[in-house]
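Have a look at run_35.cif below; it lists mmCIF, N, CA and C atoms.
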```cif
data_final
#
loop_
_atom_site.label_atom_id
_atom_site.label_comp_id
_atom_site.auth_asym_id
_atom_site.auth_seq_id
_atom_site.Cartn_x
_atom_site.Cartn_y
_atom_site.Cartn_z
N MET A 1 51.78 1.30 6.66
CA MET A 1 51.38 2.30 5.71
C MET A 1 50.10 2.97 6.22
N LYS A 2 50.06 4.27 6.17
CA LYS A 2 48.89 5.01 6.61
C LYS A 2 47.93 5.18 5.44
N THR A 3 46.64 5.10 5.77
CA THR A 3 45.61 5.30 4.76
C THR A 3 44.87 6.59 5.07
N ILE A 4 44.72 7.40 4.07
CA ILE A 4 44.01 8.65 4.24
C ILE A 4 42.58 8.44 3.76
N THR A 5 41.65 8.81 4.61
CA THR A 5 40.24 8.70 4.21
C THR A 5 39.66 10.09 4.14
N TYR A 6 38.71 10.23 3.26
CA TYR A 6 38.06 11.52 3.06
C TYR A 6 36.56 11.28 2.97
N SER A 7 35.81 12.12 3.63
CA SER A 7 34.36 11.96 3.62
C SER A 7 33.70 13.28 3.26
N ASP A 8 32.67 13.20 2.43
CA ASP A 8 31.88 14.38 2.09
C ASP A 8 30.70 14.55 3.03
N ARG A 9 30.63 13.74 4.04
CA ARG A 9 29.52 13.76 4.96
C ARG A 9 29.52 15.08 5.75
N ILE A 10 28.35 15.62 5.93
CA ILE A 10 28.20 16.87 6.69
C ILE A 10 27.57 16.51 8.02
N TYR A 11 28.19 16.94 9.09
CA TYR A 11 27.64 16.70 10.42
C TYR A 11 26.89 17.94 10.88
N TYR A 12 25.67 17.71 11.27
CA TYR A 12 24.77 18.81 11.60
C TYR A 12 25.31 19.66 12.75
N ASN A 13 25.90 19.01 13.75
CA ASN A 13 26.39 19.77 14.91
C ASN A 13 27.64 20.59 14.61
N GLU A 14 28.27 20.35 13.47
CA GLU A 14 29.46 21.12 13.09
C GLU A 14 29.12 22.33 12.22
N LEU A 15 27.86 22.47 11.83
CA LEU A 15 27.44 23.58 10.96
C LEU A 15 27.13 24.83 11.77
N LEU A 16 27.27 25.94 11.10
CA LEU A 16 26.83 27.20 11.69
C LEU A 16 25.30 27.22 11.69
N PRO A 17 24.69 27.96 12.58
CA PRO A 17 23.22 27.99 12.63
C PRO A 17 22.58 28.42 11.30
N GLU A 18 23.21 29.37 10.60
CA GLU A 18 22.65 29.82 9.32
C GLU A 18 22.70 28.70 8.28
N GLU A 19 23.81 27.95 8.27
CA GLU A 19 23.94 26.85 7.32
C GLU A 19 22.94 25.74 7.64
N ALA A 20 22.78 25.45 8.91
CA ALA A 20 21.83 24.41 9.32
C ALA A 20 20.41 24.81 8.94
N GLN A 21 20.08 26.08 9.14
CA GLN A 21 18.75 26.57 8.79
C GLN A 21 18.53 26.50 7.27
N ALA A 22 19.56 26.82 6.49
CA ALA A 22 19.44 26.76 5.03
C ALA A 22 19.20 25.33 4.57
N ILE A 23 19.92 24.38 5.15
CA ILE A 23 19.73 22.97 4.78
C ILE A 23 18.34 22.51 5.19
N ARG A 24 17.89 22.91 6.37
CA ARG A 24 16.55 22.53 6.84
C ARG A 24 15.48 23.08 5.89
N GLN A 25 15.64 24.32 5.45
CA GLN A 25 14.67 24.92 4.54
C GLN A 25 14.67 24.20 3.18
N ASP A 26 15.86 23.82 2.70
CA ASP A 26 15.93 23.08 1.44
C ASP A 26 15.24 21.71 1.55
N ILE A 27 15.44 21.05 2.68
CA ILE A 27 14.79 19.75 2.88
C ILE A 27 13.28 19.92 2.93
N LEU A 28 12.80 20.93 3.64
CA LEU A 28 11.36 21.19 3.70
C LEU A 28 10.79 21.52 2.33
N LEU A 29 11.53 22.33 1.56
CA LEU A 29 11.09 22.68 0.21
C LEU A 29 11.02 21.43 -0.67
N TYR A 30 12.03 20.58 -0.59
CA TYR A 30 12.04 19.36 -1.39
C TYR A 30 10.87 18.45 -1.03
N HIS A 31 10.61 18.29 0.26
CA HIS A 31 9.49 17.44 0.68
C HIS A 31 8.15 18.02 0.24
N SER A 32 8.05 19.32 0.25
CA SER A 32 6.82 19.96 -0.22
C SER A 32 6.63 19.71 -1.72
N ILE A 33 7.70 19.86 -2.49
CA ILE A 33 7.64 19.60 -3.93
C ILE A 33 7.31 18.13 -4.18
N LEU A 34 7.94 17.25 -3.42
CA LEU A 34 7.70 15.81 -3.58
C LEU A 34 6.24 15.46 -3.27
N HIS A 35 5.70 16.02 -2.22
CA HIS A 35 4.30 15.76 -1.85
C HIS A 35 3.36 16.24 -2.95
N THR A 36 3.59 17.45 -3.44
CA THR A 36 2.74 18.00 -4.51
C THR A 36 2.85 17.16 -5.77
N THR A 37 4.06 16.77 -6.12
CA THR A 37 4.27 15.97 -7.32
C THR A 37 3.57 14.62 -7.21
N TYR A 38 3.72 13.96 -6.08
CA TYR A 38 3.07 12.66 -5.89
C TYR A 38 1.55 12.80 -5.97
N HIS A 39 1.03 13.85 -5.36
CA HIS A 39 -0.42 14.09 -5.39
C HIS A 39 -0.91 14.29 -6.83
N LEU A 40 -0.21 15.12 -7.59
CA LEU A 40 -0.62 15.38 -8.97
C LEU A 40 -0.49 14.14 -9.85
N LEU A 41 0.57 13.37 -9.65
CA LEU A 41 0.73 12.14 -10.44
C LEU A 41 -0.34 11.11 -10.08
N THR A 42 -0.73 11.06 -8.81
CA THR A 42 -1.80 10.16 -8.39
C THR A 42 -3.11 10.55 -9.05
N LEU A 43 -3.40 11.84 -9.09
CA LEU A 43 -4.62 12.31 -9.75
C LEU A 43 -4.60 11.97 -11.24
N LYS A 44 -3.43 12.15 -11.86
CA LYS A 44 -3.31 11.85 -13.29
C LYS A 44 -3.51 10.35 -13.53
N ALA A 45 -2.98 9.51 -12.63
CA ALA A 45 -3.14 8.07 -12.78
C ALA A 45 -4.60 7.65 -12.63
N ARG A 46 -5.38 8.43 -11.90
CA ARG A 46 -6.81 8.14 -11.74
C ARG A 46 -7.64 8.70 -12.88
N GLY A 47 -6.99 9.38 -13.82
CA GLY A 47 -7.70 9.89 -14.99
C GLY A 47 -8.09 11.35 -14.89
N ILE A 48 -7.66 12.04 -13.84
CA ILE A 48 -7.97 13.46 -13.69
C ILE A 48 -6.81 14.25 -14.31
N PRO A 49 -7.06 15.06 -15.33
CA PRO A 49 -5.97 15.77 -16.00
C PRO A 49 -5.41 16.90 -15.13
N PHE A 50 -4.20 17.33 -15.48
CA PHE A 50 -3.59 18.46 -14.77
C PHE A 50 -4.42 19.71 -15.01
N SER A 51 -4.40 20.61 -14.04
CA SER A 51 -5.17 21.85 -14.17
C SER A 51 -4.35 22.95 -14.84
N PHE A 52 -3.17 22.62 -15.33
CA PHE A 52 -2.31 23.60 -15.99
C PHE A 52 -1.92 23.07 -17.36
N GLU A 53 -1.50 23.96 -18.21
CA GLU A 53 -1.22 23.61 -19.61
C GLU A 53 0.19 23.06 -19.82
N GLU A 54 1.15 23.56 -19.06
CA GLU A 54 2.54 23.17 -19.30
C GLU A 54 2.87 21.85 -18.61
N SER A 55 4.11 21.42 -18.76
CA SER A 55 4.52 20.14 -18.17
C SER A 55 4.57 20.26 -16.65
N LEU A 56 4.55 19.11 -16.00
CA LEU A 56 4.58 19.09 -14.53
C LEU A 56 5.88 19.69 -14.01
N HIS A 57 6.98 19.39 -14.67
CA HIS A 57 8.27 19.93 -14.26
C HIS A 57 8.27 21.45 -14.29
N LYS A 58 7.76 22.02 -15.38
CA LYS A 58 7.74 23.48 -15.50
C LYS A 58 6.77 24.10 -14.50
N GLU A 59 5.66 23.43 -14.25
CA GLU A 59 4.69 23.94 -13.27
C GLU A 59 5.29 23.95 -11.87
N LEU A 60 6.01 22.89 -11.51
CA LEU A 60 6.64 22.85 -10.19
C LEU A 60 7.72 23.91 -10.07
N LYS A 61 8.47 24.08 -11.14
CA LYS A 61 9.52 25.09 -11.16
C LYS A 61 8.92 26.49 -10.99
N ARG A 62 7.79 26.74 -11.67
CA ARG A 62 7.13 28.04 -11.56
C ARG A 62 6.49 28.22 -10.18
N ARG A 63 5.86 27.16 -9.67
CA ARG A 63 5.14 27.26 -8.41
C ARG A 63 6.07 27.46 -7.22
N TYR A 64 7.22 26.80 -7.23
CA TYR A 64 8.14 26.86 -6.08
C TYR A 64 9.33 27.79 -6.30
N HIS A 65 9.44 28.41 -7.46
CA HIS A 65 10.50 29.39 -7.77
C HIS A 65 11.89 28.80 -7.50
N THR A 66 12.15 27.64 -8.08
CA THR A 66 13.46 27.00 -7.89
C THR A 66 14.07 26.69 -9.25
N ASN A 67 15.31 26.24 -9.20
CA ASN A 67 15.95 25.80 -10.44
C ASN A 67 15.44 24.40 -10.79
N ASP A 68 16.07 23.73 -11.74
CA ASP A 68 15.60 22.43 -12.23
C ASP A 68 15.83 21.28 -11.25
N TYR A 69 16.79 21.41 -10.36
CA TYR A 69 17.23 20.26 -9.58
C TYR A 69 16.13 19.67 -8.70
N PHE A 70 15.53 20.47 -7.83
CA PHE A 70 14.51 19.95 -6.90
C PHE A 70 13.28 19.42 -7.63
N PRO A 71 12.69 20.16 -8.58
CA PRO A 71 11.51 19.60 -9.25
C PRO A 71 11.79 18.31 -10.02
N LEU A 72 12.94 18.23 -10.69
CA LEU A 72 13.25 17.01 -11.43
C LEU A 72 13.50 15.83 -10.50
N ALA A 73 14.22 16.08 -9.40
CA ALA A 73 14.48 15.02 -8.44
C ALA A 73 13.18 14.55 -7.80
N ALA A 74 12.32 15.49 -7.43
CA ALA A 74 11.04 15.14 -6.82
C ALA A 74 10.15 14.40 -7.82
N LEU A 75 10.16 14.83 -9.07
CA LEU A 75 9.35 14.17 -10.10
C LEU A 75 9.82 12.73 -10.30
N TRP A 76 11.12 12.53 -10.39
CA TRP A 76 11.67 11.19 -10.56
C TRP A 76 11.30 10.31 -9.37
N GLU A 77 11.49 10.83 -8.15
CA GLU A 77 11.20 10.04 -6.96
C GLU A 77 9.71 9.73 -6.84
N ALA A 78 8.87 10.70 -7.14
CA ALA A 78 7.42 10.50 -7.05
C ALA A 78 6.94 9.48 -8.08
N GLN A 79 7.49 9.52 -9.29
CA GLN A 79 7.11 8.55 -10.31
C GLN A 79 7.46 7.13 -9.87
N HIS A 80 8.65 6.97 -9.33
CA HIS A 80 9.07 5.64 -8.91
C HIS A 80 8.30 5.17 -7.68
N GLN A 81 7.99 6.09 -6.77
CA GLN A 81 7.20 5.72 -5.60
C GLN A 81 5.79 5.31 -6.01
N LEU A 82 5.21 6.04 -6.96
CA LEU A 82 3.87 5.71 -7.45
C LEU A 82 3.86 4.34 -8.14
N LYS A 83 4.90 4.08 -8.93
CA LYS A 83 5.00 2.78 -9.60
C LYS A 83 5.13 1.67 -8.56
N ALA A 84 5.95 1.89 -7.54
CA ALA A 84 6.10 0.89 -6.48
C ALA A 84 4.79 0.69 -5.72
N ASP A 85 4.06 1.77 -5.49
CA ASP A 85 2.78 1.65 -4.79
C ASP A 85 1.78 0.85 -5.61
N PHE A 86 1.73 1.07 -6.93
CA PHE A 86 0.83 0.30 -7.78
C PHE A 86 1.22 -1.18 -7.79
N GLU A 87 2.52 -1.47 -7.85
CA GLU A 87 2.97 -2.86 -7.83
C GLU A 87 2.61 -3.52 -6.50
N ASN A 88 2.81 -2.80 -5.39
CA ASN A 88 2.44 -3.34 -4.08
C ASN A 88 0.94 -3.59 -4.00
N HIS A 89 0.16 -2.67 -4.57
CA HIS A 89 -1.29 -2.82 -4.56
C HIS A 89 -1.70 -4.09 -5.32
N GLU A 90 -1.11 -4.30 -6.48
CA GLU A 90 -1.44 -5.49 -7.28
C GLU A 90 -1.02 -6.77 -6.55
N ARG A 91 0.15 -6.74 -5.92
CA ARG A 91 0.63 -7.91 -5.19
C ARG A 91 -0.30 -8.22 -4.01
N LYS A 92 -0.71 -7.19 -3.29
CA LYS A 92 -1.63 -7.40 -2.16
C LYS A 92 -2.99 -7.88 -2.65
N LYS A 93 -3.42 -7.37 -3.80
CA LYS A 93 -4.70 -7.80 -4.36
C LYS A 93 -4.66 -9.30 -4.67
N LYS A 94 -3.56 -9.77 -5.27
CA LYS A 94 -3.42 -11.19 -5.56
C LYS A 94 -3.40 -12.01 -4.28
N MET A 95 -2.69 -11.50 -3.27
CA MET A 95 -2.60 -12.21 -2.00
C MET A 95 -3.99 -12.32 -1.35
N PHE A 96 -4.75 -11.22 -1.37
CA PHE A 96 -6.08 -11.24 -0.78
C PHE A 96 -7.04 -12.13 -1.56
N LYS A 97 -6.88 -12.18 -2.88
CA LYS A 97 -7.72 -13.08 -3.68
C LYS A 97 -7.45 -14.53 -3.30
N ALA A 98 -6.18 -14.87 -3.09
CA ALA A 98 -5.84 -16.23 -2.68
C ALA A 98 -6.42 -16.54 -1.30
N LYS A 99 -6.31 -15.58 -0.38
CA LYS A 99 -6.89 -15.78 0.96
C LYS A 99 -8.40 -15.93 0.87
N LEU A 100 -9.03 -15.10 0.05
CA LEU A 100 -10.48 -15.16 -0.12
C LEU A 100 -10.91 -16.51 -0.69
N LYS A 101 -10.13 -17.03 -1.62
CA LYS A 101 -10.43 -18.33 -2.22
C LYS A 101 -10.37 -19.42 -1.15
N ASN A 102 -9.35 -19.37 -0.28
CA ASN A 102 -9.24 -20.35 0.80
C ASN A 102 -10.41 -20.23 1.78
N ILE A 103 -10.79 -19.02 2.10
CA ILE A 103 -11.91 -18.81 3.02
C ILE A 103 -13.21 -19.32 2.41
N GLU A 104 -13.43 -19.04 1.13
CA GLU A 104 -14.64 -19.54 0.46
C GLU A 104 -14.65 -21.07 0.43
N LYS A 105 -13.49 -21.67 0.26
CA LYS A 105 -13.39 -23.12 0.27
C LYS A 105 -13.78 -23.67 1.65
N LYS A 106 -13.31 -23.03 2.71
CA LYS A 106 -13.67 -23.44 4.07
C LYS A 106 -15.16 -23.25 4.32
N ILE A 107 -15.72 -22.17 3.79
CA ILE A 107 -17.16 -21.91 3.96
C ILE A 107 -17.97 -23.01 3.28
N ARG A 108 -17.59 -23.37 2.06
CA ARG A 108 -18.30 -24.44 1.35
C ARG A 108 -18.20 -25.76 2.12
N LYS A 109 -17.02 -26.05 2.64
CA LYS A 109 -16.82 -27.28 3.41
C LYS A 109 -17.70 -27.26 4.66
N THR A 110 -17.74 -26.14 5.35
CA THR A 110 -18.56 -26.02 6.56
C THR A 110 -20.04 -26.13 6.23
N GLU A 111 -20.47 -25.52 5.12
CA GLU A 111 -21.88 -25.62 4.72
C GLU A 111 -22.26 -27.07 4.41
N LYS A 112 -21.37 -27.80 3.75
CA LYS A 112 -21.64 -29.21 3.48
C LYS A 112 -21.75 -30.00 4.78
N GLU A 113 -20.88 -29.70 5.72
CA GLU A 113 -20.92 -30.38 7.02
C GLU A 113 -22.23 -30.06 7.75
N ILE A 114 -22.67 -28.82 7.69
CA ILE A 114 -23.94 -28.42 8.31
C ILE A 114 -25.10 -29.15 7.65
N GLN A 115 -25.10 -29.23 6.32
CA GLN A 115 -26.16 -29.95 5.62
C GLN A 115 -26.17 -31.43 6.00
N ARG A 116 -24.99 -32.01 6.10
CA ARG A 116 -24.90 -33.42 6.50
C ARG A 116 -25.45 -33.62 7.91
N LEU A 117 -25.09 -32.73 8.83
CA LEU A 117 -25.58 -32.84 10.21
C LEU A 117 -27.08 -32.59 10.29
N ASP A 118 -27.59 -31.64 9.49
CA ASP A 118 -29.04 -31.40 9.46
C ASP A 118 -29.79 -32.64 8.97
N LYS A 119 -29.24 -33.27 7.95
CA LYS A 119 -29.85 -34.48 7.41
C LYS A 119 -29.84 -35.59 8.46
N ARG A 120 -28.74 -35.73 9.16
CA ARG A 120 -28.61 -36.74 10.22
C ARG A 120 -29.60 -36.45 11.34
N LEU A 121 -29.74 -35.17 11.70
CA LEU A 121 -30.68 -34.78 12.75
C LEU A 121 -32.12 -35.09 12.33
N ALA A 122 -32.45 -34.82 11.08
CA ALA A 122 -33.79 -35.13 10.58
C ALA A 122 -34.05 -36.63 10.62
N GLN A 123 -33.03 -37.43 10.28
CA GLN A 123 -33.18 -38.88 10.33
C GLN A 123 -33.42 -39.35 11.77
N LEU A 124 -32.67 -38.77 12.71
CA LEU A 124 -32.84 -39.14 14.12
C LEU A 124 -34.22 -38.75 14.63
N LYS A 125 -34.71 -37.58 14.22
CA LYS A 125 -36.06 -37.16 14.63
C LYS A 125 -37.10 -38.12 14.07
N GLN A 126 -36.91 -38.52 12.82
CA GLN A 126 -37.85 -39.44 12.19
C GLN A 126 -37.85 -40.79 12.91
N LYS A 127 -36.65 -41.28 13.24
CA LYS A 127 -36.56 -42.56 13.96
C LYS A 127 -37.21 -42.44 15.34
N THR A 128 -37.03 -41.28 15.99
CA THR A 128 -37.61 -41.08 17.31
C THR A 128 -39.13 -41.07 17.22
N LYS A 129 -39.69 -40.43 16.21
CA LYS A 129 -41.15 -40.39 16.03
C LYS A 129 -41.70 -41.79 15.77
N GLN A 130 -40.93 -42.58 15.04
CA GLN A 130 -41.38 -43.93 14.71
C GLN A 130 -41.08 -44.92 15.84
N GLY A 131 -40.26 -44.47 16.82
CA GLY A 131 -39.91 -45.34 17.93
C GLY A 131 -38.88 -46.38 17.57
N LYS A 132 -38.11 -46.14 16.54
CA LYS A 132 -37.10 -47.12 16.08
C LYS A 132 -35.67 -46.69 16.45
N GLN A 133 -35.53 -45.74 17.35
CA GLN A 133 -34.18 -45.28 17.68
C GLN A 133 -33.45 -46.35 18.49
N THR A 134 -32.13 -46.35 18.33
CA THR A 134 -31.29 -47.29 19.08
C THR A 134 -30.26 -46.48 19.85
N GLN A 135 -29.57 -47.18 20.73
CA GLN A 135 -28.56 -46.50 21.54
C GLN A 135 -27.41 -46.02 20.65
N GLU A 136 -27.12 -46.71 19.58
CA GLU A 136 -26.03 -46.33 18.67
C GLU A 136 -26.32 -45.00 17.97
N ASP A 137 -27.58 -44.69 17.79
CA ASP A 137 -27.93 -43.43 17.12
C ASP A 137 -27.48 -42.21 17.92
N TYR A 138 -27.39 -42.34 19.22
CA TYR A 138 -27.08 -41.18 20.06
C TYR A 138 -25.65 -41.19 20.57
N LEU A 139 -24.87 -42.15 20.17
CA LEU A 139 -23.48 -42.19 20.62
C LEU A 139 -22.55 -41.64 19.62
#
```

Same coordinates, now as C-alpha coordinates:
Amino acid sequence: MKTITYSDRIYYNELLPEEAQAIRQDILLYHSILHTTYHLLTLKARGIPFSFEESLHKELKRRYHTNDYFPLAALWEAQHQLKADFENHERKKKMFKAKLKNIEKKIRKTEKEIQRLDKRLAQLKQKTKQGKQTQEDYL
(Lines of atoms letter the chains of each structure in order from A and count residues from 1; the text may use other names and numbers.)
(Lines give C-alpha, C1' and ligand atoms only; values in the text may rest on other atoms or scores of the structure.)
Protein backbone atom coordinates (compact mmCIF):
# COMPACT_ATOMS: atom_id res chain seq x y z
CA MET A 1 0.00 0.00 0.00
CA LYS A 2 1.34 3.42 -0.92
CA THR A 3 1.27 6.25 1.58
CA ILE A 4 0.84 9.79 0.43
CA THR A 5 2.59 12.42 2.48
CA TYR A 6 2.01 16.12 2.32
CA SER A 7 4.15 18.86 3.77
CA ASP A 8 3.49 22.56 4.23
CA ARG A 9 7.20 23.18 4.54
CA ILE A 10 8.59 25.90 2.31
CA TYR A 11 12.07 25.42 0.91
CA TYR A 12 13.96 28.64 0.47
CA ASN A 13 15.79 27.53 -2.68
CA GLU A 14 12.47 26.73 -4.39
CA LEU A 15 11.07 30.25 -3.92
CA LEU A 16 11.16 33.05 -6.40
CA PRO A 17 13.50 35.90 -5.42
CA GLU A 18 10.55 38.23 -4.74
CA GLU A 19 8.90 35.67 -2.45
CA ALA A 20 12.16 35.02 -0.62
CA GLN A 21 12.69 38.75 -0.13
CA ALA A 22 9.12 39.17 1.18
CA ILE A 23 9.63 36.37 3.72
CA ARG A 24 12.99 37.84 4.76
CA GLN A 25 11.39 41.26 5.30
CA ASP A 26 8.57 39.73 7.36
CA ILE A 27 11.09 37.90 9.55
CA LEU A 28 13.10 41.10 10.05
CA LEU A 29 9.92 43.02 10.89
CA TYR A 30 8.85 40.38 13.40
CA HIS A 31 12.26 40.38 15.09
CA SER A 32 12.20 44.16 15.28
CA ILE A 33 8.74 44.08 16.89
CA LEU A 34 9.87 41.33 19.26
CA HIS A 35 12.96 43.29 20.31
CA THR A 36 10.95 46.46 20.94
CA THR A 37 8.28 44.55 22.85
CA TYR A 38 10.82 42.78 25.06
CA HIS A 39 12.58 46.08 25.76
CA LEU A 40 9.34 47.83 26.73
CA LEU A 41 8.18 44.94 28.92
CA THR A 42 11.58 44.89 30.65
CA LEU A 43 11.28 48.60 31.40
CA LYS A 44 7.75 48.08 32.72
CA ALA A 45 8.96 45.23 34.94
CA ARG A 46 11.57 47.59 36.40
CA GLY A 47 8.84 50.08 37.28
CA ILE A 48 9.27 52.49 34.36
CA PRO A 49 5.83 53.20 32.83
CA PHE A 50 5.13 53.19 29.10
CA SER A 51 5.63 56.52 27.35
CA PHE A 52 2.33 56.14 25.49
CA GLU A 53 -1.27 56.12 26.65
CA GLU A 54 -2.70 53.17 24.74
CA SER A 55 -2.00 49.46 25.17
CA LEU A 56 1.30 47.96 24.07
CA HIS A 57 -0.41 45.95 21.35
CA LYS A 58 -2.02 49.04 19.83
CA GLU A 59 1.22 51.01 20.10
CA LEU A 60 3.16 48.29 18.27
CA LYS A 61 0.46 48.07 15.64
CA ARG A 62 0.60 51.85 15.15
CA ARG A 63 4.40 52.05 15.23
CA TYR A 64 5.03 49.24 12.72
CA HIS A 65 1.90 49.71 10.54
CA THR A 66 0.93 46.04 10.60
CA ASN A 67 -2.15 43.99 11.29
CA ASP A 68 -2.74 42.25 14.65
CA TYR A 69 -0.78 39.08 13.94
CA PHE A 70 2.86 40.20 14.33
CA PRO A 71 2.37 42.49 17.36
CA LEU A 72 0.28 39.92 19.23
CA ALA A 73 2.68 37.08 18.45
CA ALA A 74 5.67 39.21 19.47
CA LEU A 75 3.91 40.35 22.64
CA TRP A 76 3.08 36.78 23.63
CA GLU A 77 6.63 35.57 22.91
CA ALA A 78 8.25 38.51 24.72
CA GLN A 79 6.06 38.02 27.80
CA HIS A 80 6.98 34.36 28.02
CA GLN A 81 10.66 35.04 27.38
CA LEU A 82 10.68 37.69 30.11
CA LYS A 83 8.97 35.31 32.53
CA ALA A 84 11.52 32.60 31.70
CA ASP A 85 14.37 35.08 32.17
CA PHE A 86 13.06 36.08 35.62
CA GLU A 87 12.72 32.42 36.62
CA ASN A 88 16.26 31.69 35.41
CA HIS A 89 17.51 34.71 37.33
CA GLU A 90 15.88 33.50 40.55
CA ARG A 91 17.21 29.97 40.04
CA LYS A 92 20.75 31.27 39.46
CA LYS A 93 20.44 33.54 42.49
CA LYS A 94 19.57 30.54 44.68
CA MET A 95 22.43 28.56 43.19
CA PHE A 96 24.91 31.38 43.84
CA LYS A 97 23.64 31.80 47.40
CA ALA A 98 24.31 28.11 48.03
CA LYS A 99 27.79 28.42 46.53
CA LEU A 100 28.45 31.54 48.59
CA LYS A 101 27.36 29.71 51.74
CA ASN A 102 29.81 26.88 51.00
CA ILE A 103 32.62 29.35 50.33
CA GLU A 104 31.91 31.23 53.56
CA LYS A 105 31.96 27.91 55.41
CA LYS A 106 35.39 27.12 53.93
CA ILE A 107 36.62 30.60 54.85
CA ARG A 108 35.52 30.15 58.47
CA LYS A 109 37.20 26.74 58.59
CA THR A 110 40.43 28.18 57.15
CA GLU A 111 40.35 31.11 59.59
CA LYS A 112 39.99 28.69 62.51
CA GLU A 113 42.92 26.68 61.18
CA ILE A 114 45.01 29.86 60.87
CA GLN A 115 44.13 30.86 64.45
CA ARG A 116 45.06 27.39 65.68
CA LEU A 117 48.40 27.53 63.85
CA ASP A 118 49.10 31.06 65.13
CA LYS A 119 48.43 29.88 68.67
CA ARG A 120 50.74 26.89 68.16
CA LEU A 121 53.43 29.17 66.73
CA ALA A 122 53.15 31.50 69.72
CA GLN A 123 53.50 28.52 72.06
CA LEU A 124 56.61 27.34 70.21
CA LYS A 125 58.13 30.83 70.37
CA GLN A 126 57.42 30.97 74.09
CA LYS A 127 59.02 27.55 74.64
CA THR A 128 62.03 28.63 72.58
CA LYS A 129 62.47 31.80 74.68
CA GLN A 130 62.26 29.76 77.85
CA GLY A 131 64.62 27.12 76.44
CA LYS A 132 62.11 24.32 77.01
CA GLN A 133 61.66 23.27 73.39
CA THR A 134 61.92 19.60 72.48
CA GLN A 135 62.54 17.78 69.26
CA GLU A 136 58.86 16.73 69.15
CA ASP A 137 57.79 20.37 68.97
CA TYR A 138 59.37 20.76 65.54
CA LEU A 139 58.36 17.47 63.98

Name the residues captured by the PyMOL selection byres (((chain A and resi 13-29 and name CA) around 12) and name CA) when it is applied to the shown file; answer as a PyMOL selection string. chain A and resi 9-12+30-36+60-61+63-66+69-71+74

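Of the residues under consideration (A:Tyr6, A:Phe50, A:Phe96, A:Tyr38), A:Tyr38 shows the shortest atom-to-atom contact distance to Lys83 of chain A when counting only C-alpha atoms.
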
Which of chain A DSSP labels alpha helix (DSSP H), written as an NGL selection string: :A and (17-45 or 56-64 or 69-130)

Work out how far apart atom C of Leu40 of chain A and atom CA of Lys94 of chain A are and give it in Å to one decimal. 25.9 Å

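If you look at atom C of Glu59 of chain A and atom C of Glu77 of chain A, they are 15.7 Å away from each other.
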
State, in Å with one decimal place, the distance from atom CA of Ala122 of chain A to atom N of Gln135 of chain A. 16.3 Å

Quick one: what's the axis-aligned box for segment 28-39 of chain A, all listed atoms, 5 Å on every side, centre and edges in Å to one decimal, as JSON?
```
{"center_x": 5.9, "center_y": 17.7, "center_z": -1.8, "size_x": 23.7, "size_y": 20.0, "size_z": 21.0}
```
